[in-house]
file data21.tsv (TSV, C-alpha atoms and all ligand atoms)
chain	number	residue	atom	x	y	z
A	288	MET	CA	-3.84	-27.63	-0.47
A	289	SER	CA	-4.76	-28.22	3.16
A	290	LEU	CA	-3.08	-29.71	6.18
A	291	TYR	CA	-4.33	-31.67	9.14
A	292	CYS	CA	-3.73	-29.80	12.34
A	293	GLY	CA	-1.65	-31.81	14.80
A	294	ILE	CA	-3.81	-30.64	17.66
A	295	ALA	CA	-6.86	-32.80	18.13
A	296	CYS	CA	-10.03	-31.24	19.40
A	297	ARG	CA	-12.46	-33.17	21.60
A	298	ARG	CA	-16.05	-33.27	20.41
A	299	LYS	CA	-18.59	-35.42	22.29
A	300	SER	CA	-16.88	-38.74	22.98
A	301	PHE	CA	-14.45	-38.93	20.07
A	302	TRP	CA	-11.41	-37.00	18.81
A	303	CYS	CA	-11.64	-35.26	15.53
A	304	TYR	CA	-8.90	-33.62	13.52
A	305	ARG	CA	-9.74	-30.20	12.26
A	306	LEU	CA	-8.82	-29.56	8.67
A	307	LEU	CA	-6.91	-26.30	8.32
A	308	SER	CA	-7.60	-24.36	5.16
A	309	THR	CA	-4.73	-23.27	2.94
A	310	TYR	CA	-5.33	-19.72	4.07
A	311	VAL	CA	-5.10	-20.58	7.77
A	312	THR	CA	-1.98	-22.69	7.21
A	313	LYS	CA	-0.33	-19.86	5.32
A	314	THR	CA	-1.26	-17.32	7.97
A	315	ARG	CA	0.13	-19.51	10.77
A	316	TYR	CA	3.36	-20.03	8.79
A	317	LEU	CA	3.84	-16.28	8.33
A	318	PHE	CA	3.13	-15.75	12.03
A	319	GLU	CA	5.83	-18.30	12.90
A	320	LEU	CA	8.37	-16.58	10.63
A	321	LYS	CA	7.67	-13.22	12.28
A	322	GLU	CA	8.09	-14.67	15.78
A	323	ASP	CA	11.04	-17.01	15.24
A	324	ASP	CA	14.30	-15.64	13.76
A	325	ASP	CA	15.75	-19.11	13.12
A	326	ALA	CA	12.62	-20.26	11.27
A	327	CYS	CA	12.79	-17.11	9.16
A	328	ARG	CA	16.48	-17.63	8.35
A	329	LYS	CA	15.58	-21.18	7.30
A	330	ALA	CA	12.83	-19.78	5.07
A	331	HIS	CA	15.48	-17.68	3.25
A	332	GLN	CA	16.90	-20.93	1.88
A	333	THR	CA	13.73	-21.88	0.00
A	334	GLY	CA	12.34	-18.37	-0.37
A	335	ALA	CA	12.20	-15.81	-3.17
A	336	PHE	CA	13.62	-12.28	-3.06
A	337	TYR	CA	12.28	-9.12	-4.72
A	338	LEU	CA	14.95	-6.47	-5.23
A	339	PHE	CA	14.67	-2.72	-4.70
A	340	HIS	CA	17.11	0.14	-5.20
A	341	ASN	CA	16.43	3.19	-3.05
A	342	LEU	CA	12.78	2.05	-2.69
A	343	ALA	CA	12.29	1.51	-6.45
A	344	PRO	CA	11.38	-2.09	-7.35
A	345	LEU	CA	13.25	-4.02	-10.04
A	346	LEU	CA	11.09	-4.73	-13.10
A	347	GLN	CA	12.03	-6.85	-16.08
A	348	PRO	CA	10.33	-6.48	-19.46
A	349	SER	CA	8.32	-9.54	-20.39
A	350	GLU	CA	6.20	-10.13	-23.53
A	351	HIS	CA	3.47	-7.48	-23.09
A	352	GLN	CA	4.11	-6.37	-19.56
A	353	HIS	CA	6.69	-5.76	-16.88
A	354	LEU	CA	7.30	-8.26	-14.11
A	355	PRO	CA	9.14	-8.00	-10.81
A	356	PRO	CA	11.60	-10.92	-10.92
A	357	GLN	CA	12.03	-13.24	-7.94
A	358	LEU	CA	15.57	-14.36	-7.13
A	359	CYS	CA	16.30	-17.52	-5.17
A	360	LEU	CA	18.88	-17.45	-2.40
A	361	LEU	CA	21.65	-18.84	-4.60
A	362	GLU	CA	21.06	-16.19	-7.30
A	363	LEU	CA	21.04	-13.48	-4.66
A	364	GLU	CA	24.27	-14.72	-3.09
A	365	LYS	CA	25.92	-14.79	-6.53
A	366	LEU	CA	24.76	-11.23	-7.23
A	367	LEU	CA	26.05	-9.99	-3.87
A	368	GLY	CA	29.37	-11.74	-4.52
A	369	LYS	CA	29.70	-9.99	-7.91
A	370	PHE	CA	29.32	-6.64	-6.17
A	371	GLY	CA	31.78	-7.55	-3.41
A	372	GLN	CA	29.06	-7.89	-0.77
A	373	ASP	CA	28.85	-10.25	2.17
A	374	THR	CA	25.86	-12.62	2.31
A	375	GLN	CA	25.17	-11.11	5.75
A	376	ARG	CA	23.38	-8.39	3.78
A	377	ILE	CA	20.49	-10.81	3.22
A	378	GLU	CA	19.55	-10.18	6.87
A	379	ASP	CA	18.47	-6.67	5.78
A	380	SER	CA	15.56	-8.24	3.87
A	381	VAL	CA	11.95	-8.06	5.07
A	382	LEU	CA	9.26	-10.71	4.90
A	383	ILE	CA	6.34	-9.62	2.68
A	384	GLY	CA	4.26	-12.78	2.23
A	385	CYS	CA	4.34	-16.38	1.08
A	386	SER	CA	2.87	-18.63	-1.60
A	387	GLU	CA	0.24	-21.27	-0.95
A	388	GLN	CA	3.07	-23.80	-1.00
A	389	GLN	CA	4.79	-21.87	1.81
A	390	GLU	CA	7.55	-20.36	-0.27
A	391	ALA	CA	8.34	-17.23	1.74
A	392	TRP	CA	8.74	-13.93	-0.15
A	393	PHE	CA	11.22	-11.28	0.92
A	394	ALA	CA	12.17	-7.81	-0.26
A	395	LEU	CA	15.71	-6.44	-0.12
A	396	ASP	CA	16.87	-2.92	-0.93
A	397	LEU	CA	20.44	-2.73	-2.21
A	398	GLY	CA	20.38	1.00	-2.88
A	399	LEU	CA	19.47	2.66	0.41
A	400	ASN	CA	22.33	4.74	1.70
A	401	SER	CA	21.21	6.03	5.08
A	402	SER	CA	23.92	7.34	7.40
A	403	SER	CA	23.13	4.63	9.95
A	404	SER	CA	23.31	1.73	7.49
A	405	ALA	CA	26.33	-0.52	7.78
A	406	HIS	CA	25.97	-1.33	4.07
A	407	ALA	CA	26.80	0.85	1.09
A	408	SER	CA	24.40	1.54	-1.76
A	409	LEU	CA	25.24	-0.66	-4.75
A	410	PRO	CA	25.63	1.06	-8.14
A	411	LYS	CA	22.23	1.19	-9.89
A	412	PRO	CA	23.28	1.16	-13.59
A	413	GLU	CA	25.65	-1.80	-13.12
A	414	MET	CA	23.00	-3.72	-11.18
A	415	GLU	CA	20.39	-3.02	-13.85
A	416	THR	CA	22.72	-4.33	-16.53
A	417	GLU	CA	23.51	-7.43	-14.49
A	418	LEU	CA	19.84	-8.09	-13.73
A	419	GLN	CA	18.51	-7.13	-17.21
A	420	GLY	CA	15.86	-4.90	-15.75
A	421	SER	CA	15.30	-1.44	-14.36
A	422	PHE	CA	14.58	-0.11	-10.90
A	423	THR	CA	11.35	1.78	-11.52
A	424	GLU	CA	9.72	4.42	-9.32
A	425	LEU	CA	6.84	2.62	-7.57
A	426	ARG	CA	4.12	5.09	-8.67
A	427	LYS	CA	5.03	4.37	-12.30
A	428	ALA	CA	5.56	0.65	-11.67
A	429	LEU	CA	2.01	0.27	-10.31
A	430	TYR	CA	0.48	0.95	-13.72
A	431	ARG	CA	2.48	-1.91	-15.24
A	432	LEU	CA	1.65	-4.58	-12.67
A	433	ASN	CA	-1.31	-6.76	-11.84
A	434	VAL	CA	-3.20	-6.15	-8.57
A	435	LYS	CA	-1.44	-8.95	-6.65
A	436	GLU	CA	2.06	-7.83	-7.57
A	437	ALA	CA	1.18	-4.19	-6.98
A	438	SER	CA	-0.05	-5.01	-3.48
A	439	LEU	CA	3.08	-7.05	-2.72
A	440	LEU	CA	5.43	-4.31	-3.89
A	441	THR	CA	3.58	-1.52	-2.05
A	442	THR	CA	3.80	-3.57	1.16
A	443	ALA	CA	7.49	-4.19	0.51
A	444	GLN	CA	8.25	-0.53	-0.15
A	445	ALA	CA	6.34	0.61	2.94
A	446	LEU	CA	8.21	-1.86	5.15
A	447	LEU	CA	11.63	-1.06	3.67
A	448	ARG	CA	10.97	2.66	4.08
A	449	TRP	CA	9.85	2.22	7.68
A	450	HIS	CA	13.02	0.30	8.59
A	451	ASP	CA	15.20	2.87	6.89
A	452	ALA	CA	13.54	5.69	8.84
A	453	HIS	CA	13.45	3.97	12.25
A	454	GLN	CA	16.98	2.87	12.87
A	455	PHE	CA	17.35	4.64	16.22
A	456	CYS	CA	15.44	4.42	19.48
A	457	SER	CA	13.62	7.71	20.11
A	458	ARG	CA	14.19	7.30	23.88
A	459	SER	CA	17.81	6.15	24.17
A	460	GLY	CA	19.15	7.36	20.82
A	461	GLN	CA	20.83	3.95	20.40
A	462	PRO	CA	20.60	1.95	17.13
A	463	THR	CA	17.61	-0.41	17.09
A	464	LYS	CA	17.88	-3.98	15.80
A	465	LYS	CA	15.44	-5.47	13.31
A	466	ASN	CA	14.16	-9.04	13.76
A	467	VAL	CA	14.91	-11.31	10.80
A	468	ALA	CA	11.40	-11.01	9.30
A	469	GLY	CA	11.40	-7.23	9.73
A	470	SER	CA	8.09	-7.17	11.58
A	471	LYS	CA	9.62	-5.11	14.43
A	472	ARG	CA	12.74	-3.35	15.73
A	473	VAL	CA	14.02	-3.53	19.30
A	474	CYS	CA	16.27	-1.18	21.24
A	475	PRO	CA	18.92	-3.43	22.86
A	476	SER	CA	19.50	-0.98	25.74
A	477	ASN	CA	15.93	-0.60	27.03
A	478	LYS	CA	14.05	-3.37	25.15
A	479	ILE	CA	11.49	-0.95	23.67
A	480	ILE	CA	9.83	-2.61	20.66
A	481	TYR	CA	8.92	-0.53	17.59
A	482	TYR	CA	6.36	-1.87	15.10
A	483	PRO	CA	5.79	-0.61	11.53
A	484	GLN	CA	3.04	2.01	11.50
A	485	MET	CA	0.39	3.33	9.13
A	486	ALA	CA	-1.48	6.63	9.50
A	487	PRO	CA	-5.29	6.30	9.22
A	488	VAL	CA	-6.77	8.47	6.46
A	489	VAL	CA	-10.46	8.86	5.65
A	490	ILE	CA	-11.44	9.35	2.01
A	491	THR	CA	-15.02	10.42	1.40
A	492	LEU	CA	-17.08	10.74	-1.73
A	493	VAL	CA	-19.68	13.38	-0.96
A	494	SER	CA	-22.86	13.36	-3.03
A	495	ASP	CA	-25.99	15.49	-3.10
A	496	GLY	CA	-28.00	12.57	-4.52
A	497	THR	CA	-27.48	13.50	-8.18
A	498	ARG	CA	-23.97	14.98	-8.31
A	499	CYS	CA	-20.70	14.11	-6.56
A	500	LEU	CA	-18.10	16.44	-5.11
A	501	LEU	CA	-14.53	16.09	-6.34
A	502	ALA	CA	-11.49	18.19	-5.56
A	503	ARG	CA	-7.88	18.66	-6.56
A	504	GLN	CA	-4.67	19.72	-4.82
A	505	SER	CA	-2.05	21.71	-6.72
A	506	SER	CA	0.30	18.70	-6.39
A	507	PHE	CA	-2.09	16.43	-8.39
A	508	PRO	CA	-1.33	15.78	-12.07
A	509	GLN	CA	-3.03	18.36	-14.31
A	510	GLY	CA	-6.78	17.83	-14.71
A	511	MET	CA	-7.10	15.07	-12.10
A	512	TYR	CA	-9.83	15.33	-9.45
A	513	SER	CA	-10.37	12.95	-6.55
A	514	ALA	CA	-12.56	12.40	-3.49
A	515	LEU	CA	-11.85	14.39	-0.30
A	516	ALA	CA	-9.15	12.83	1.89
A	517	GLY	CA	-7.70	13.66	5.26
A	518	PHE	CA	-5.58	12.23	8.08
A	519	CYS	CA	-7.32	11.29	11.33
A	520	ASP	CA	-6.40	13.55	14.22
A	521	ILE	CA	-5.45	11.93	17.48
A	522	GLY	CA	-8.51	11.04	19.55
A	523	GLU	CA	-10.94	11.17	16.61
A	524	THR	CA	-13.34	8.47	15.47
A	525	LEU	CA	-13.50	7.84	11.70
A	526	GLU	CA	-16.92	9.49	11.63
A	527	GLU	CA	-15.53	12.62	13.30
A	528	THR	CA	-12.69	12.75	10.77
A	529	VAL	CA	-15.17	12.58	7.86
A	530	HIS	CA	-17.25	15.45	9.29
A	531	ARG	CA	-14.19	17.58	10.11
A	532	GLU	CA	-12.35	17.03	6.81
A	533	VAL	CA	-15.41	17.83	4.68
A	534	ALA	CA	-16.08	20.96	6.76
A	535	GLU	CA	-12.40	22.03	6.69
A	536	GLU	CA	-11.84	21.46	2.98
A	537	VAL	CA	-15.13	22.50	1.33
A	538	GLY	CA	-17.18	24.14	4.11
A	539	LEU	CA	-20.05	21.61	4.04
A	540	GLU	CA	-21.75	19.31	6.53
A	541	VAL	CA	-22.54	15.69	5.68
A	542	GLU	CA	-24.77	12.90	6.97
A	543	ARG	CA	-25.66	9.25	6.14
A	544	LEU	CA	-22.07	8.00	6.17
A	545	GLN	CA	-21.54	4.58	4.60
A	546	TYR	CA	-18.33	2.59	4.84
A	547	SER	CA	-17.15	1.17	1.51
A	548	ALA	CA	-13.68	-0.43	1.75
A	549	SER	CA	-10.10	0.16	2.85
A	550	GLN	CA	-6.68	0.13	1.22
A	551	HIS	CA	-3.04	0.37	2.24
A	552	TRP	CA	-1.51	3.34	0.41
A	553	PRO	CA	2.29	3.70	0.47
A	554	PHE	CA	2.62	7.31	-0.80
A	555	PRO	CA	4.28	9.39	0.56
A	556	ASN	CA	4.28	7.32	3.79
A	557	SER	CA	2.14	4.37	4.76
A	558	SER	CA	-1.54	5.27	5.19
A	559	LEU	CA	-4.55	3.09	5.81
A	560	MET	CA	-7.17	4.62	3.52
A	561	ILE	CA	-10.71	4.14	4.87
A	562	ALA	CA	-13.22	4.88	2.13
A	563	CYS	CA	-16.76	6.17	2.76
A	564	HIS	CA	-19.71	7.67	0.98
A	565	ALA	CA	-21.62	10.57	2.52
A	566	ILE	CA	-24.57	12.76	1.59
A	567	VAL	CA	-24.42	16.53	2.00
A	568	LYS	CA	-26.99	18.00	4.41
A	569	PRO	CA	-30.11	19.18	2.52
A	570	GLY	CA	-29.89	22.74	1.24
A	571	GLN	CA	-26.11	22.91	1.83
A	572	THR	CA	-24.51	22.51	-1.56
A	573	GLU	CA	-22.56	25.75	-1.88
A	574	ILE	CA	-18.86	24.87	-1.80
A	575	GLN	CA	-16.40	27.12	0.02
A	576	VAL	CA	-12.97	25.83	-0.94
A	577	ASN	CA	-10.22	26.04	1.66
A	578	LEU	CA	-7.44	27.27	-0.62
A	579	LYS	CA	-4.77	26.36	1.93
A	580	GLU	CA	-5.61	22.69	1.34
A	581	LEU	CA	-7.14	22.51	-2.12
A	582	GLU	CA	-6.68	24.15	-5.49
A	583	ALA	CA	-10.30	23.57	-6.56
A	584	ALA	CA	-13.46	21.63	-5.74
A	585	ALA	CA	-16.68	21.25	-7.72
A	586	TRP	CA	-19.87	19.23	-8.13
A	587	PHE	CA	-19.79	16.86	-11.11
A	588	SER	CA	-22.80	15.34	-12.82
A	589	HIS	CA	-23.27	11.61	-13.39
A	590	GLU	CA	-22.64	12.07	-17.14
A	591	GLU	CA	-19.40	14.01	-16.58
A	592	VAL	CA	-18.04	11.37	-14.18
A	593	LEU	CA	-19.10	8.50	-16.43
A	594	ALA	CA	-17.35	10.15	-19.41
A	595	ALA	CA	-14.17	10.65	-17.36
A	596	LEU	CA	-14.17	6.98	-16.31
A	597	LYS	CA	-14.43	5.93	-19.95
A	598	ARG	CA	-11.66	8.23	-21.21
A	599	LYS	CA	-8.84	6.15	-22.73
A	600	HIS	CA	-5.83	8.49	-22.43
A	601	PRO	CA	-6.97	10.86	-19.71
A	602	TYR	CA	-3.78	12.83	-19.13
A	603	ALA	CA	-3.12	13.81	-22.74
A	604	GLN	CA	-3.02	17.59	-23.16
A	605	GLN	CA	-5.77	18.92	-25.43
A	606	GLN	CA	-5.17	21.09	-28.50
A	607	ASP	CA	-6.08	24.26	-26.61
A	608	GLY	CA	-3.37	23.44	-24.03
A	609	THR	CA	-5.79	22.45	-21.25
A	610	PHE	CA	-6.08	19.02	-19.65
A	611	PRO	CA	-9.38	17.14	-19.62
A	612	PHE	CA	-11.11	16.26	-16.35
A	613	TRP	CA	-9.90	12.80	-15.32
A	614	LEU	CA	-10.03	10.52	-12.30
A	615	PRO	CA	-7.53	8.51	-10.20
A	616	PRO	CA	-6.38	5.18	-11.71
A	617	LYS	CA	-8.05	1.84	-10.98
A	618	LEU	CA	-5.58	0.87	-8.26
A	619	ALA	CA	-6.51	3.87	-6.09
A	620	ILE	CA	-9.42	3.40	-3.72
A	621	ALA	CA	-10.75	6.81	-4.83
A	622	HIS	CA	-11.43	5.21	-8.22
A	623	GLN	CA	-13.44	2.43	-6.56
A	624	LEU	CA	-15.53	4.95	-4.56
A	625	ILE	CA	-16.29	6.96	-7.69
A	626	ARG	CA	-17.20	3.85	-9.65
A	627	GLU	CA	-19.57	2.69	-6.89
A	628	TRP	CA	-21.28	6.08	-6.97
A	629	VAL	CA	-21.62	5.99	-10.76
A	630	GLU	CA	-23.20	2.53	-10.59
A	631	ASN	CA	-25.63	3.46	-7.84
A	632	PRO	CA	-25.74	7.24	-7.17
A	633	THR	CA	-28.50	7.14	-4.56
A	634	CYS	CA	-27.09	4.34	-2.39
A	635	PRO	CA	-23.50	3.80	-3.58
A	636	SER	CA	-22.16	1.18	-1.17
A	637	LEU	CA	-24.99	-1.27	-1.97
A	638	PRO	CA	-24.76	-3.38	-5.13
A	639	ALA	CA	-26.62	-1.72	-8.01
B	701	LIG	N1	-5.44	5.89	-2.63
B	701	LIG	C1	-6.22	6.90	-2.93
B	701	LIG	O1	-7.20	6.74	-3.68
B	701	LIG	C2	-5.96	8.27	-2.36
B	701	LIG	C3	-6.75	9.36	-2.76
B	701	LIG	C4	-6.56	10.60	-2.16
B	701	LIG	C5	-5.56	10.76	-1.19
B	701	LIG	N2	-4.77	9.70	-0.85
B	701	LIG	C6	-3.73	9.85	0.18
B	701	LIG	O2	-4.34	10.32	1.36
B	701	LIG	C7	-3.39	11.06	2.11
B	701	LIG	C8	-4.08	12.18	2.85
B	701	LIG	O3	-4.72	13.09	1.97
B	701	LIG	P1	-4.52	14.69	2.15
B	701	LIG	O4	-3.14	15.05	1.73
B	701	LIG	O5	-5.66	15.32	1.45
B	701	LIG	O6	-4.62	14.85	3.75
B	701	LIG	P2	-5.07	16.14	4.61
B	701	LIG	O7	-6.28	16.77	4.02
B	701	LIG	O8	-5.14	15.68	6.05
B	701	LIG	O9	-3.93	17.19	4.41
B	701	LIG	C9	-2.56	16.91	4.54
B	701	LIG	C10	-1.99	17.72	5.69
B	701	LIG	O10	-2.39	17.12	6.90
B	701	LIG	C11	-1.37	17.26	7.91
B	701	LIG	N3	-1.19	15.94	8.54
B	701	LIG	C12	-1.85	15.52	9.64
B	701	LIG	N4	-1.49	14.29	10.00
B	701	LIG	C13	-0.57	13.87	9.09
B	701	LIG	C14	0.18	12.66	8.91
B	701	LIG	N5	0.06	11.62	9.74
B	701	LIG	N6	1.01	12.57	7.85
B	701	LIG	C15	1.14	13.61	6.99
B	701	LIG	N7	0.46	14.78	7.10
B	701	LIG	C16	-0.39	14.92	8.15
B	701	LIG	C17	-0.15	17.87	7.20
B	701	LIG	O11	-0.14	19.23	7.51
B	701	LIG	C18	-0.47	17.69	5.72
B	701	LIG	O12	0.05	18.74	4.94
B	701	LIG	C19	-2.32	11.51	1.12
B	701	LIG	O13	-1.10	10.98	1.58
B	701	LIG	C20	-2.69	10.89	-0.20
B	701	LIG	O14	-1.61	10.27	-0.84
B	701	LIG	C21	-4.95	8.47	-1.40
B	702	MG	MG	-7.17	16.53	2.14

call {"tool": "encode", "arguments": {"input": "data21.tsv", "output": "structure tokens", "more": "lines below"}}
Ligand SMILES: NC(=O)c1ccc[n+]([C@@H]2O[C@H](COP(=O)([O-])OP(=O)(O)OC[C@H]3O[C@@H](n4cnc5c(N)ncnc54)[C@H](O)[C@@H]3O)[C@@H](O)[C@H]2O)c1
Ligand SMILES: [Mg+2]
result
Amino acid sequence: MSLYCGIACRRKSFWCYRLLSTYVTKTRYLFELKEDDDACRKAHQTGAFYLFHNLAPLLQPSEHQHLPPQLCLLELEKLLGKFGQDTQRIEDSVLIGCSEQQEAWFALDLGLNSSSSAHASLPKPEMETELQGSFTELRKALYRLNVKEASLLTTAQALLRWHDAHQFCSRSGQPTKKNVAGSKRVCPSNKIIYYPQMAPVVITLVSDGTRCLLARQSSFPQGMYSALAGFCDIGETLEETVHREVAEEVGLEVERLQYSASQHWPFPNSSLMIACHAIVKPGQTEIQVNLKELEAAAWFSHEEVLAALKRKHPYAQQQDGTFPFWLPPKLAIAHQLIREWVENPTCPSLPA
């Protein structure tokens, strides 16, 4: 689908109408909904709503998978009515995207019970029965969803969490007011605007040319190893964060940094994961683990990593009670970094 832009652009001596791509049209529509409360309220009428309860998305079992159902406005109003709620509650929803046909998508949490919220948490079991689904912890839900739905729900959760945690102005102490789309909050007394935030995190796969360095924190599931990750300190460039984190966590220096990709990560708070490859400085391969940050770190061979990627049920306990070495799931950017290295160990960010 594409639309003709109403604005004509002058080229040489004639007017031509620029054809806007579906993507540009969609982007402009979302921009309008974020800027204009009335337009966003209007979009509720034709939009679709994803439901959450205390930050857990609603999933319904379908044939071989689980799907997050979309409710139209009428269905949502009926549901709210059944639970004795005012339709005003719909204004708590946040805009999370739209379809190519400009059907706006919203997320609404009916289970948050923060002290500042004017609305009570609705009873989870009764809602689940009514909706024939279950509110599932997002980390677990991610494994049951396709990439598009997973991305939509992680955005939704991050935005809902941010609103829940930023209901007061840090300067005046007064309650802040969300715009209809949920792209910002404003303090009515001093007009300070608060925007949803993400913390930048660098994740680096360090290699010595033949092996890669993986580490685990005690909070990781048993047996799982990942690439080194760390939050950017204020004032740092990404490159400085990579050098500092690798030095802090495993006592090594790296060079030849290569950017790979980035990912929004909602756990435990919103982070922007920036993924890189790096090579350890020649002759510096002896790891000194910082035990305040990590439980263990080690060099893994190409064969070991390849075998771990192929493992079907990685987290199953073995007969001797130990857990096999396994790697983060496909949806995590760490998985992508490791896969790139396996495919091209000498120059990972280039196609093999
Ligand atoms: N998607 C992925 O593939 C993937 C893989 C690994 C890690 N991660 C994420 O990366 C994040 C950072 O990794 P890490 O835990 O190794 O970081 P880290 O090595 O910087 O250590 C965490 C510590 O940093 C401090 N810190 C500094 N700034 C912080 C901030 N803005 N928020 C929270 N703590 C801050 C805290 O003391 C915290 O305990 C984690 O939240 C983790 O979920 C994602
Ligand atoms: Mg770390």

call {"tool": "residues_near_ligand", "arguments": {"input": "data21.tsv", "ligand": "ligand LIG 701 (chain B)", "cutoff": "7 Å", "atoms": "all atoms listed in the file", "output": "PyMOL selection string"}}
result
chain A and resi 486+488+490+513-520+532+552+554-556+558+560+580+615+619-622

call {"tool": "closest_residue", "arguments": {"input": "data21.tsv", "among": "A:Asn341, A:Gln357, A:Asn433, A:Ser505", "to": "ligand MG 702 (chain B)", "atoms": "only C-alpha atoms and all ligand atoms"}}
result
A:Ser505

call {"tool": "axis_aligned_box", "arguments": {"input": "data21.tsv", "around": "region 336-339 of chain A", "padding_each_side": "3 Å", "output": "AutoDock Vina command-line options"}}
result
--center_x 13.6 --center_y -7.5 --center_z -4.1 --size_x 8.7 --size_y 15.6 --size_z 8.2

call {"tool": "residues_around", "arguments": {"input": "data21.tsv", "residues": "region 571-574 of chain A", "least_positions_apart": "3", "cutoff": "12 Å", "atoms": "all atoms listed in the file", "output": "number ranges by chain"}}
result
A: 493-502, 533-542, 566-568, 577-578, 581, 583-586

call {"tool": "closest_residue", "arguments": {"input": "data21.tsv", "among": "A:Tyr512, A:Trp628, A:Tyr481, A:Phe336", "to": "ligand MG 702 (chain B)", "atoms": "only C-alpha atoms and all ligand atoms"}}
result
A:Tyr512

call {"tool": "atom_distance", "arguments": {"input": "data21.tsv", "atom1": "CA of Leu317 (chain A)", "atom2": "CA of Gly398 (chain A)"}}
result
26.4 Å

call {"tool": "residues_around", "arguments": {"input": "data21.tsv", "residues": "Phe318 (chain A)", "least_positions_apart": "4", "cutoff": "12 Å", "atoms": "only C-alpha atoms", "output": "MDAnalysis selection string"}}
result
chainID A and resid 311:314 322:324 326:327 382:385 391 468 470

call {"tool": "closest_residue", "arguments": {"input": "data21.tsv", "among": "A:Leu354, A:Leu614, A:Leu320, A:Leu544", "to": "Arg598 (chain A)", "atoms": "all atoms listed in the file"}}
result
A:Leu614

call {"tool": "atom_distance", "arguments": {"input": "data21.tsv", "atom1": "CA of Val489 (chain A)", "atom2": "CA of Ser588 (chain A)"}}
result
23.1 Å

call {"tool": "closest_residue", "arguments": {"input": "data21.tsv", "among": "A:Leu395, A:Val473, A:Leu360, A:Val576", "to": "ligand MG 702 (chain B)", "atoms": "only C-alpha atoms and all ligand atoms"}}
result
A:Val576

call {"tool": "residues_around", "arguments": {"input": "data21.tsv", "residues": "Asp325 (chain A)", "least_positions_apart": "4", "cutoff": "12 Å", "atoms": "all atoms listed in the file", "output": "number ranges by chain"}}
result
A: 319-321, 329-332, 378, 466-468

call {"tool": "write_last_selection", "arguments": {"input": "data21.tsv", "atoms": "C-alpha atoms", "output": "compact mmCIF listing (two decimals), in the coordinates of the input"}}
result
# COMPACT_ATOMS: atom_id res chain seq x y z
CA GLU A 319 5.83 -18.30 12.90
CA LEU A 320 8.37 -16.58 10.63
CA LYS A 321 7.67 -13.22 12.28
CA LYS A 329 15.58 -21.18 7.30
CA ALA A 330 12.83 -19.78 5.07
CA HIS A 331 15.48 -17.68 3.25
CA GLN A 332 16.90 -20.93 1.88
CA GLU A 378 19.55 -10.18 6.87
CA ASN A 466 14.16 -9.04 13.76
CA VAL A 467 14.91 -11.31 10.80
CA ALA A 468 11.40 -11.01 9.30

call {"tool": "closest_residue", "arguments": {"input": "data21.tsv", "among": "A:Gln388, A:Pro410, A:Glu582, A:Lys435", "to": "ligand MG 702 (chain B)", "atoms": "only C-alpha atoms and all ligand atoms"}}
result
A:Glu582
